[in-house]
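Note: the block below is run.txt and it holds compact mmCIF, C-alpha atoms.
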# COMPACT_ATOMS: atom_id res chain seq x y z
CA MET A 19 -26.45 24.91 73.41
CA HIS A 20 -28.18 27.68 75.37
CA VAL A 21 -25.39 27.61 77.98
CA ALA A 22 -22.74 27.93 75.26
CA LYS A 23 -24.56 30.94 73.79
CA ALA A 24 -24.88 32.56 77.22
CA LEU A 25 -21.17 32.08 77.84
CA ILE A 26 -20.32 33.87 74.60
CA GLU A 27 -22.75 36.70 75.35
CA LEU A 28 -21.12 37.26 78.75
CA GLY A 29 -17.59 37.29 77.35
CA TYR A 30 -16.43 33.75 78.11
CA LEU A 31 -14.79 31.39 75.65
CA PRO A 32 -16.81 28.16 75.84
CA ILE A 33 -15.12 24.82 75.31
CA CYS A 34 -17.85 22.37 74.31
CA PRO A 35 -16.71 18.76 74.22
CA LEU A 36 -19.52 16.45 73.09
CA ARG A 37 -20.36 12.84 73.92
CA SER A 38 -20.95 12.16 70.23
CA LYS A 39 -20.98 14.02 66.92
CA ASN A 40 -23.84 16.49 67.09
CA LEU A 41 -24.37 18.23 63.76
CA GLU A 42 -27.29 20.32 65.06
CA PHE A 43 -25.15 21.79 67.85
CA THR A 44 -22.11 22.51 65.69
CA GLN A 45 -24.19 24.07 62.90
CA LYS A 46 -26.16 26.36 65.23
CA MET A 47 -22.99 27.40 67.06
CA ARG A 48 -21.20 27.84 63.70
CA LEU A 49 -18.50 25.38 64.68
CA SER A 50 -16.87 22.57 62.74
CA LEU A 51 -16.61 19.09 64.20
CA GLU A 52 -12.83 19.63 64.28
CA GLU A 53 -13.35 22.62 66.60
CA THR A 54 -15.69 20.67 68.88
CA PRO A 55 -13.75 17.79 70.46
CA ILE A 56 -15.45 14.51 71.23
CA TRP A 57 -15.26 13.96 74.99
CA ASP A 58 -15.28 10.27 75.91
CA LEU A 59 -16.73 10.50 79.40
CA THR A 60 -16.10 6.81 80.02
CA ASN A 61 -12.37 7.48 79.69
CA ARG A 62 -10.77 9.79 82.23
CA SER A 63 -7.67 10.22 80.10
CA SER A 64 -9.89 11.68 77.36
CA ILE A 65 -11.28 14.19 79.86
CA ARG A 66 -7.77 14.92 81.12
CA ASN A 67 -6.71 15.74 77.56
CA VAL A 68 -9.32 18.49 77.40
CA PHE A 69 -8.02 20.06 80.63
CA ASN A 70 -4.43 19.74 79.41
CA LYS A 71 -5.33 21.41 76.12
CA PHE A 72 -7.08 24.29 77.91
CA PRO A 73 -5.16 24.76 81.21
CA ASP A 74 -6.79 28.13 81.96
CA ILE A 75 -10.30 26.71 82.37
CA CYS A 76 -11.97 28.79 85.07
CA ALA A 77 -15.11 26.72 85.58
CA VAL A 78 -16.80 23.50 84.63
CA ILE A 79 -20.50 23.53 83.79
CA SER A 80 -21.94 20.03 83.63
CA CYS A 81 -25.28 19.49 81.90
CA VAL A 82 -24.64 15.75 81.57
CA ALA A 83 -27.82 13.71 82.10
CA SER A 84 -29.30 10.36 81.16
CA ARG A 85 -31.25 10.53 77.91
CA THR A 86 -33.53 7.62 78.79
CA GLY A 87 -33.93 7.44 82.57
CA GLY A 88 -33.18 3.70 82.40
CA ILE A 89 -31.67 2.14 85.50
CA LYS A 90 -28.23 1.25 84.12
CA ASP A 91 -28.02 4.37 81.96
CA SER A 92 -28.92 6.62 84.91
CA TRP A 93 -26.13 5.35 87.13
CA LEU A 94 -23.64 5.25 84.27
CA VAL A 95 -24.31 8.82 83.17
CA GLU A 96 -25.66 10.71 86.17
CA PHE A 97 -23.09 9.27 88.57
CA GLU A 98 -20.15 7.45 86.98
CA LEU A 99 -19.54 9.76 84.03
CA SER A 100 -20.11 12.82 86.21
CA MET A 101 -17.54 11.45 88.67
CA ASN A 102 -14.99 11.16 85.86
CA ILE A 103 -15.44 14.87 85.14
CA LEU A 104 -15.30 15.80 88.83
CA ILE A 105 -12.10 13.87 89.53
CA GLU A 106 -10.27 15.56 86.68
CA ALA A 107 -11.75 18.99 87.50
CA LYS A 108 -10.49 18.60 91.07
CA SER A 109 -6.99 17.68 89.94
CA PHE A 110 -6.90 20.89 87.90
CA ASN A 111 -8.41 22.89 90.78
CA VAL A 112 -11.03 24.70 88.72
CA LYS A 113 -12.58 27.83 90.20
CA ARG A 114 -16.20 26.62 90.20
CA PHE A 115 -18.05 23.43 89.32
CA ILE A 116 -21.64 24.17 88.31
CA LEU A 117 -23.99 21.23 88.10
CA LEU A 118 -27.33 21.22 86.33
CA SER A 119 -29.45 18.89 88.44
CA ALA A 120 -33.28 18.73 88.73
CA ILE A 121 -35.87 19.84 91.26
CA CYS A 122 -37.46 16.37 91.32
CA VAL A 123 -34.57 14.94 93.38
CA GLN A 124 -36.20 16.33 96.53
CA LYS A 125 -38.35 13.18 96.88
CA PRO A 126 -36.12 10.48 95.36
CA ILE A 127 -37.76 7.18 94.48
CA LEU A 128 -36.42 6.73 90.94
CA ASN A 129 -32.96 5.57 89.93
CA PHE A 130 -32.06 8.68 87.97
CA GLN A 131 -32.99 10.81 91.00
CA LYS A 132 -30.90 8.68 93.36
CA ALA A 133 -27.96 8.81 90.94
CA LYS A 134 -28.21 12.60 90.70
CA LEU A 135 -28.28 12.92 94.49
CA ALA A 136 -25.33 10.55 94.89
CA PHE A 137 -23.25 12.76 92.62
CA GLU A 138 -24.48 15.96 94.27
CA LYS A 139 -23.15 14.53 97.54
CA LYS A 140 -19.75 13.72 96.00
CA LEU A 141 -19.54 17.22 94.56
CA GLN A 142 -20.34 18.83 97.92
CA LEU A 143 -17.59 16.79 99.59
CA SER A 144 -15.04 17.32 96.80
CA GLY A 145 -13.44 20.47 98.19
CA LEU A 146 -14.24 22.39 95.00
CA ASN A 147 -16.43 25.46 95.06
CA TYR A 148 -19.74 24.40 93.56
CA THR A 149 -23.19 25.57 92.61
CA ILE A 150 -25.96 23.02 92.14
CA VAL A 151 -28.90 24.30 90.11
CA ARG A 152 -32.21 22.43 90.35
CA PRO A 153 -34.65 23.87 87.79
CA THR A 154 -38.37 23.22 87.47
CA ALA A 155 -39.97 22.07 84.20
CA PHE A 156 -38.70 23.48 80.90
CA PHE A 157 -41.05 25.28 78.51
CA LYS A 158 -40.31 22.72 75.80
CA SER A 159 -41.39 19.79 77.96
CA LEU A 160 -44.79 21.46 78.46
CA ALA A 161 -45.45 22.23 74.80
CA GLY A 162 -45.76 18.76 73.29
CA GLN A 163 -49.54 18.81 73.13
CA ILE A 164 -49.89 22.00 71.08
CA LYS A 165 -49.72 20.11 67.79
CA ARG A 166 -52.29 17.52 68.85
CA VAL A 167 -54.71 20.27 69.93
CA GLN A 168 -54.13 22.06 66.62
CA ASN A 169 -55.04 18.78 64.92
CA GLY A 170 -58.39 18.74 66.73
CA LYS A 171 -57.46 16.21 69.40
CA LYS A 172 -58.18 16.50 73.10
CA PHE A 173 -55.64 17.78 75.62
CA ILE A 174 -54.51 14.88 77.81
CA LEU A 175 -54.75 15.35 81.58
CA PHE A 176 -53.60 13.06 84.34
CA ASP A 177 -56.45 12.59 86.81
CA ASN A 178 -58.35 15.91 87.05
CA GLY A 179 -55.40 18.01 85.86
CA ASP A 180 -54.84 20.00 89.06
CA ARG A 181 -52.84 17.49 91.08
CA THR A 182 -49.49 18.89 89.94
CA SER A 183 -48.22 22.41 89.38
CA THR A 184 -45.01 24.22 88.48
CA LYS A 185 -43.34 27.50 87.59
CA PRO A 186 -41.76 26.58 84.25
CA ILE A 187 -38.50 28.15 83.15
CA SER A 188 -37.14 28.86 79.68
CA GLU A 189 -33.89 27.27 78.58
CA LYS A 190 -32.46 30.72 77.84
CA ASP A 191 -33.21 32.08 81.33
CA LEU A 192 -31.87 28.90 82.94
CA ALA A 193 -28.68 29.09 80.87
CA LEU A 194 -28.11 32.73 81.87
CA PHE A 195 -28.61 31.87 85.56
CA ILE A 196 -26.11 29.02 85.27
CA VAL A 197 -23.43 31.14 83.59
CA GLN A 198 -23.91 34.04 86.01
CA SER A 199 -23.21 31.59 88.84
CA ILE A 200 -19.55 31.34 87.81
CA ASP A 201 -18.63 34.56 89.60
CA LYS A 202 -21.48 35.18 92.03
CA GLU A 203 -20.14 34.75 95.55
CA GLU A 204 -23.63 34.41 97.06
CA ARG A 205 -24.22 31.29 94.95
CA LYS A 206 -20.99 29.58 96.00
CA ASN A 207 -21.47 26.19 97.66
CA LYS A 208 -25.25 26.44 97.39
CA ILE A 209 -28.06 24.25 96.10
CA LEU A 210 -30.51 26.54 94.29
CA SER A 211 -33.98 25.44 93.23
CA ILE A 212 -35.31 27.82 90.60
CA GLY A 213 -38.34 28.36 88.39
CA GLY A 214 -39.44 30.94 85.87
CA PRO A 215 -41.22 34.23 86.61
CA GLY A 216 -44.51 32.49 87.38
CA PRO A 217 -47.31 32.42 88.26
CA VAL A 218 -47.56 28.81 89.36
CA ARG A 219 -49.85 26.80 87.08
CA THR A 220 -51.44 23.37 87.00
CA GLN A 221 -51.45 20.95 84.09
CA LYS A 222 -55.06 21.87 83.29
CA GLU A 223 -54.18 25.57 83.22
CA PHE A 224 -51.50 24.88 80.62
CA GLY A 225 -54.20 23.24 78.52
CA GLU A 226 -56.53 26.20 79.00
CA MET A 227 -53.78 28.55 77.81
CA ILE A 228 -53.31 26.56 74.61
CA PHE A 229 -57.04 26.41 73.83
CA LYS A 230 -57.38 30.13 74.46
CA LEU A 231 -54.47 30.99 72.15
CA LEU A 232 -55.97 28.76 69.46
CA ASN A 233 -59.43 30.27 70.07
CA ARG A 234 -60.95 26.84 70.59
CA PRO A 235 -63.25 25.45 73.31
CA PRO A 236 -61.39 23.25 75.84
CA LYS A 237 -61.61 19.50 75.28
CA TYR A 238 -59.86 17.13 77.67
CA PHE A 239 -59.09 13.43 77.84
CA HIS A 240 -58.43 12.20 81.39
CA ILE A 241 -55.96 9.41 82.16
CA PRO A 242 -55.88 8.01 85.71
CA SER A 243 -52.31 8.31 86.98
CA GLY A 244 -52.68 5.01 88.82
CA ILE A 245 -52.52 3.14 85.50
CA PHE A 246 -48.77 3.79 85.34
CA LYS A 247 -48.25 2.39 88.83
CA LEU A 248 -50.37 -0.67 88.04
CA LEU A 249 -48.53 -1.43 84.81
CA ALA A 250 -45.17 -0.96 86.54
CA SER A 251 -46.10 -3.48 89.21
CA LEU A 252 -47.21 -5.97 86.54
CA LEU A 253 -43.93 -5.61 84.62
CA SER A 254 -41.64 -5.66 87.67
CA PRO A 255 -41.51 -9.50 87.98
CA LEU A 256 -40.39 -9.70 84.34
CA GLY A 257 -37.51 -7.40 85.23
CA LEU A 258 -35.92 -10.28 87.13
CA VAL A 259 -35.16 -12.02 83.83
CA SER A 260 -35.13 -9.12 81.36
CA THR A 261 -33.21 -5.86 81.59
CA LYS A 262 -35.51 -4.42 78.94
CA MET A 263 -38.60 -5.15 81.03
CA LYS A 264 -36.86 -3.80 84.12
CA ASP A 265 -36.29 -0.49 82.34
CA ARG A 266 -39.84 -0.39 81.00
CA ALA A 267 -41.16 -0.76 84.54
CA GLU A 268 -38.85 2.09 85.56
CA PHE A 269 -40.16 4.27 82.72
CA LEU A 270 -43.71 3.69 83.98
CA ARG A 271 -42.65 4.67 87.49
CA ILE A 272 -41.14 7.84 86.02
CA ALA A 273 -44.44 8.58 84.26
CA TYR A 274 -46.36 8.06 87.50
CA TYR A 275 -43.98 10.38 89.35
CA TYR A 276 -44.42 13.24 86.89
CA ALA A 277 -48.17 12.69 86.79
CA THR A 278 -48.49 13.02 90.56
CA GLU A 279 -45.64 15.23 91.85
CA SER A 280 -45.33 18.98 91.41
CA MET A 281 -42.14 20.58 90.14
CA LEU A 282 -41.78 23.07 92.99
CA VAL A 283 -39.73 23.34 96.18
CA TRP A 284 -40.79 20.73 98.74
CA ASN A 285 -41.39 22.21 102.19
CA GLN A 286 -40.21 19.52 104.58
CA GLU A 287 -41.93 21.18 107.56
CA THR A 288 -45.41 21.35 106.04
CA LYS A 289 -44.93 18.28 103.81
CA GLN A 290 -46.24 20.27 100.88
CA TYR A 291 -44.92 21.81 97.70
CA SER A 292 -44.38 25.54 98.03
CA ALA A 293 -44.77 28.01 95.18
CA GLU A 294 -43.58 30.78 97.51
CA LYS A 295 -40.27 29.04 98.26
CA THR A 296 -39.58 28.34 94.57
CA MET A 297 -37.24 31.12 93.47
CA GLU A 298 -38.36 33.00 90.34
CA VAL A 299 -35.67 33.97 87.82
CA GLY A 300 -35.61 35.26 84.28
CA LYS A 301 -38.06 37.21 82.16
CA GLU A 302 -39.49 34.80 79.58
CA THR A 303 -42.96 33.42 80.27
CA ILE A 304 -44.67 30.22 79.18
CA ASP A 305 -47.51 32.37 77.78
CA ASP A 306 -45.15 34.07 75.31
CA PHE A 307 -43.51 30.76 74.48
CA TYR A 308 -46.81 29.12 73.60
CA ARG A 309 -47.82 32.20 71.59
CA SER A 310 -44.58 32.18 69.59
CA ILE A 311 -44.99 28.51 68.70
CA ILE A 312 -48.61 28.94 67.59
CA GLU A 313 -48.14 32.21 65.71
CA ASN A 314 -45.01 31.00 63.92
CA ASP A 315 -46.33 27.46 63.42
CA GLN A 316 -43.12 26.32 65.11
CA THR A 317 -42.11 22.70 65.51
CA PHE A 318 -39.26 21.38 67.56
CA SER A 319 -37.68 18.05 68.38
CA LYS A 320 -38.14 16.60 71.84
CA ASP A 321 -36.16 14.09 73.81
CA ARG A 322 -37.63 10.62 73.94
CA GLU A 323 -38.14 10.77 77.68
CA GLN A 324 -39.98 14.10 77.43
CA LYS A 325 -42.49 12.66 74.96
CA LEU A 326 -43.67 10.23 77.60
CA PHE A 327 -45.24 12.99 79.68
CA ASP A 328 -47.07 15.00 76.99
Entire entry expressed as structure tokens:
Amino acid sequence: MHVAKALIELGYLPICPLRSKNLEFTQKMRLSLEETPIWDLTNRSSIRNVFNKFPDICAVISCVASRTGGIKDSWLVEFELSMNILIEAKSFNVKRFILLSAICVQKPILNFQKAKLAFEKKLQLSGLNYTIVRPTAFFKSLAGQIKRVQNGKKFILFDNGDRTSTKPISEKDLALFIVQSIDKEERKNKILSIGGPGPVRTQKEFGEMIFKLLNRPPKYFHIPSGIFKLLASLLSPLGLVSTKMKDRAEFLRIAYYYATESMLVWNQETKQYSAEKTMEVGKETIDDFYRSIIENDQTFSKDREQKLFD
């Protein structure tokens, strides 16, 4: 939705095929469902119909991603469905293919990360001009605990709260960066890891910001990150006979990853995450985002997989 708005603001005509009927999207964009075609990504002929209907498409921006992080869903969406789009985009020789990826693919141990990397590789070898954008954490994914703190509950920390850090980025700033990449020659055939304007902050510092804005003394509840790894190992044998248990073990591994790995550029030489090497873009800050939610008593819906890490 933010990408579509950025396209309009910069003078492009966005074509927004959806995987399923999305009333929230069409209402906010002031579109009817008739104006927003349903794009069956499992069917290449359906994708081809979109290109045939709009033969002057200058770029493809793919924000397709698994909603659950499950093993089968990750490979189906992150790789197979993305490949369907790429194959058709290549046949129509689009000017630029821009892929929204994720900064966490730098140290791939999870299926959704491996699927993302597998498609990144295919895109790089496709012959199309591409830009791969790997953002850090979104503001929204770091705001889930505001309501619980407002309700008098403790802020949840993994371990001591300073094991991970990031430079979060707003969805609006990310969308603008993505759209601007259509015509920027210096971003052609590049993988770009980006964060917001900084500074880099730890999980505990995000909690401190929320308590300060609410004018309340900090109260924390510590969860050892190792519990996720232990539970995953206990469930893994059940995954041999149950797909559901296999996915649950994967979800726990995802939780452990986000509880222990920073969302910053990984410096392969020093074997450390680097705030300095994480490019800062945009103007919106997490401080202002938190303030706007608290002052306006704002609530927002979150993806199921994001809720796991709040």
- request: Choose the residue, out of A:Gln290, A:Ser63, A:Thr303, A:Ser254, that has the smallest atom-to-atom separation from Pro217 in chain A; count only C-alpha atoms.
  value: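 Smallest separation from Pro217 in chain A among the options: A:Thr303.
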message: Between CA of Arg152 in chain A and CA of Ile212 in chain A, what is the distance in Å, rounded to a tenth?
response: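 Separating CA of Arg152 in chain A from CA of Ile212 in chain A is a distance of 6.2 Å.
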query: From the set A:Ile209, A:Val259, A:Leu104, A:Ala77, which residue has the shortest atom-to-atom contact distance to Pro32 in chain A, counting all atoms listed in the file?
result: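 Closest residue, counting all atoms listed in the file: A:Ala77.
The closest residue to Glu204 in chain A, picked from A:Gly162, A:Phe173, A:Val123, A:Asn147 and counting all atoms listed in the file, is A:Asn147.
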Lys71 in chain A environment, 12 Å, all atoms listed in the file, sequence neighbours closer than 4 positions dropped, as JSON, numbers by chain: {"A": [33, 35, 55, 64, 65, 66, 67, 75, 110]}
- request: Go ahead and compute the interatomic distance for CA of Ala193 in chain A and CA of Lys208 in chain A, in Å to one decimal.
  value: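 Computing it gives 17.1 Å between the two atoms.
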Non-local contacts of Pro215 in chain A (7 Å; only C-alpha atoms; under 4 positions in same chain excluded) as a short mmCIF file (atom, residue, chain, number, x, y, z; two decimals) with C-alpha atoms, keeping the file's coordinate frame:
data_model
loop_
_atom_site.label_atom_id
_atom_site.label_comp_id
_atom_site.auth_asym_id
_atom_site.auth_seq_id
_atom_site.Cartn_x
_atom_site.Cartn_y
_atom_site.Cartn_z
CA GLU A 298 -38.36 33.00 90.34
CA VAL A 299 -35.67 33.97 87.82
CA GLY A 300 -35.61 35.26 84.28
CA LYS A 301 -38.06 37.21 82.16
CA THR A 303 -42.96 33.42 80.27
#
query: Which value, in Å to one decimal, gives the distance between CA of Leu249 in chain A and CA of Leu282 in chain A?
result: 26.7 Å
- request: Considering all atoms listed in the file, return as JSON, numbers by chain whatever protein or nucleic-acid residues lie within 8 Å of Tyr238 in chain A, sequence-local ones (same chain, fewer than 6 positions apart) excluded.
  value: {"A": [172, 173, 174, 175]}
Please complete range 159-174 of chain A with N, CA and C atoms and give it back as an mmCIF file, in the frame of the given file.
data_model
loop_
_atom_site.group_PDB
_atom_site.id
_atom_site.type_symbol
_atom_site.label_atom_id
_atom_site.label_comp_id
_atom_site.auth_asym_id
_atom_site.auth_seq_id
_atom_site.Cartn_x
_atom_site.Cartn_y
_atom_site.Cartn_z
ATOM 1 N N SER A 159 -40.784 21.034 77.479
ATOM 2 C CA SER A 159 -41.390 19.790 77.960
ATOM 3 C C SER A 159 -42.880 19.949 78.234
ATOM 4 N N LEU A 160 -43.375 21.191 78.202
ATOM 5 C CA LEU A 160 -44.790 21.460 78.460
ATOM 6 C C LEU A 160 -45.526 21.894 77.192
ATOM 7 N N ALA A 161 -44.865 21.742 76.050
ATOM 8 C CA ALA A 161 -45.450 22.230 74.800
ATOM 9 C C ALA A 161 -45.790 21.106 73.817
ATOM 10 N N GLY A 162 -45.592 19.873 74.220
ATOM 11 C CA GLY A 162 -45.760 18.760 73.290
ATOM 12 C C GLY A 162 -47.168 18.529 72.803
ATOM 13 N N GLN A 163 -48.156 19.068 73.527
ATOM 14 C CA GLN A 163 -49.540 18.810 73.130
ATOM 15 C C GLN A 163 -50.133 19.900 72.233
ATOM 16 N N ILE A 164 -49.364 20.933 71.936
ATOM 17 C CA ILE A 164 -49.890 22.000 71.080
ATOM 18 C C ILE A 164 -50.297 21.452 69.719
ATOM 19 N N LYS A 165 -49.451 20.632 69.127
ATOM 20 C CA LYS A 165 -49.720 20.110 67.790
ATOM 21 C C LYS A 165 -50.957 19.220 67.784
ATOM 22 N N ARG A 166 -51.121 18.403 68.834
ATOM 23 C CA ARG A 166 -52.290 17.520 68.850
ATOM 24 C C ARG A 166 -53.585 18.322 69.013
ATOM 25 N N VAL A 167 -53.527 19.415 69.783
ATOM 26 C CA VAL A 167 -54.710 20.270 69.930
ATOM 27 C C VAL A 167 -55.001 20.984 68.608
ATOM 28 N N GLN A 168 -53.949 21.430 67.925
ATOM 29 C CA GLN A 168 -54.130 22.060 66.620
ATOM 30 C C GLN A 168 -54.771 21.088 65.622
ATOM 31 N N ASN A 169 -54.488 19.807 65.810
ATOM 32 C CA ASN A 169 -55.040 18.780 64.920
ATOM 33 C C ASN A 169 -56.435 18.323 65.341
ATOM 34 N N GLY A 170 -57.026 19.034 66.322
ATOM 35 C CA GLY A 170 -58.390 18.740 66.730
ATOM 36 C C GLY A 170 -58.524 17.683 67.805
ATOM 37 N N LYS A 171 -57.406 17.231 68.364
ATOM 38 C CA LYS A 171 -57.460 16.210 69.400
ATOM 39 C C LYS A 171 -57.624 16.844 70.785
ATOM 40 N N LYS A 172 -57.985 16.021 71.735
ATOM 41 C CA LYS A 172 -58.180 16.500 73.100
ATOM 42 C C LYS A 172 -56.838 16.658 73.819
ATOM 43 N N PHE A 173 -56.815 17.576 74.770
ATOM 44 C CA PHE A 173 -55.640 17.780 75.620
ATOM 45 C C PHE A 173 -55.667 16.699 76.710
ATOM 46 N N ILE A 174 -54.564 15.984 76.848
ATOM 47 C CA ILE A 174 -54.510 14.880 77.810
ATOM 48 C C ILE A 174 -54.181 15.406 79.203
#
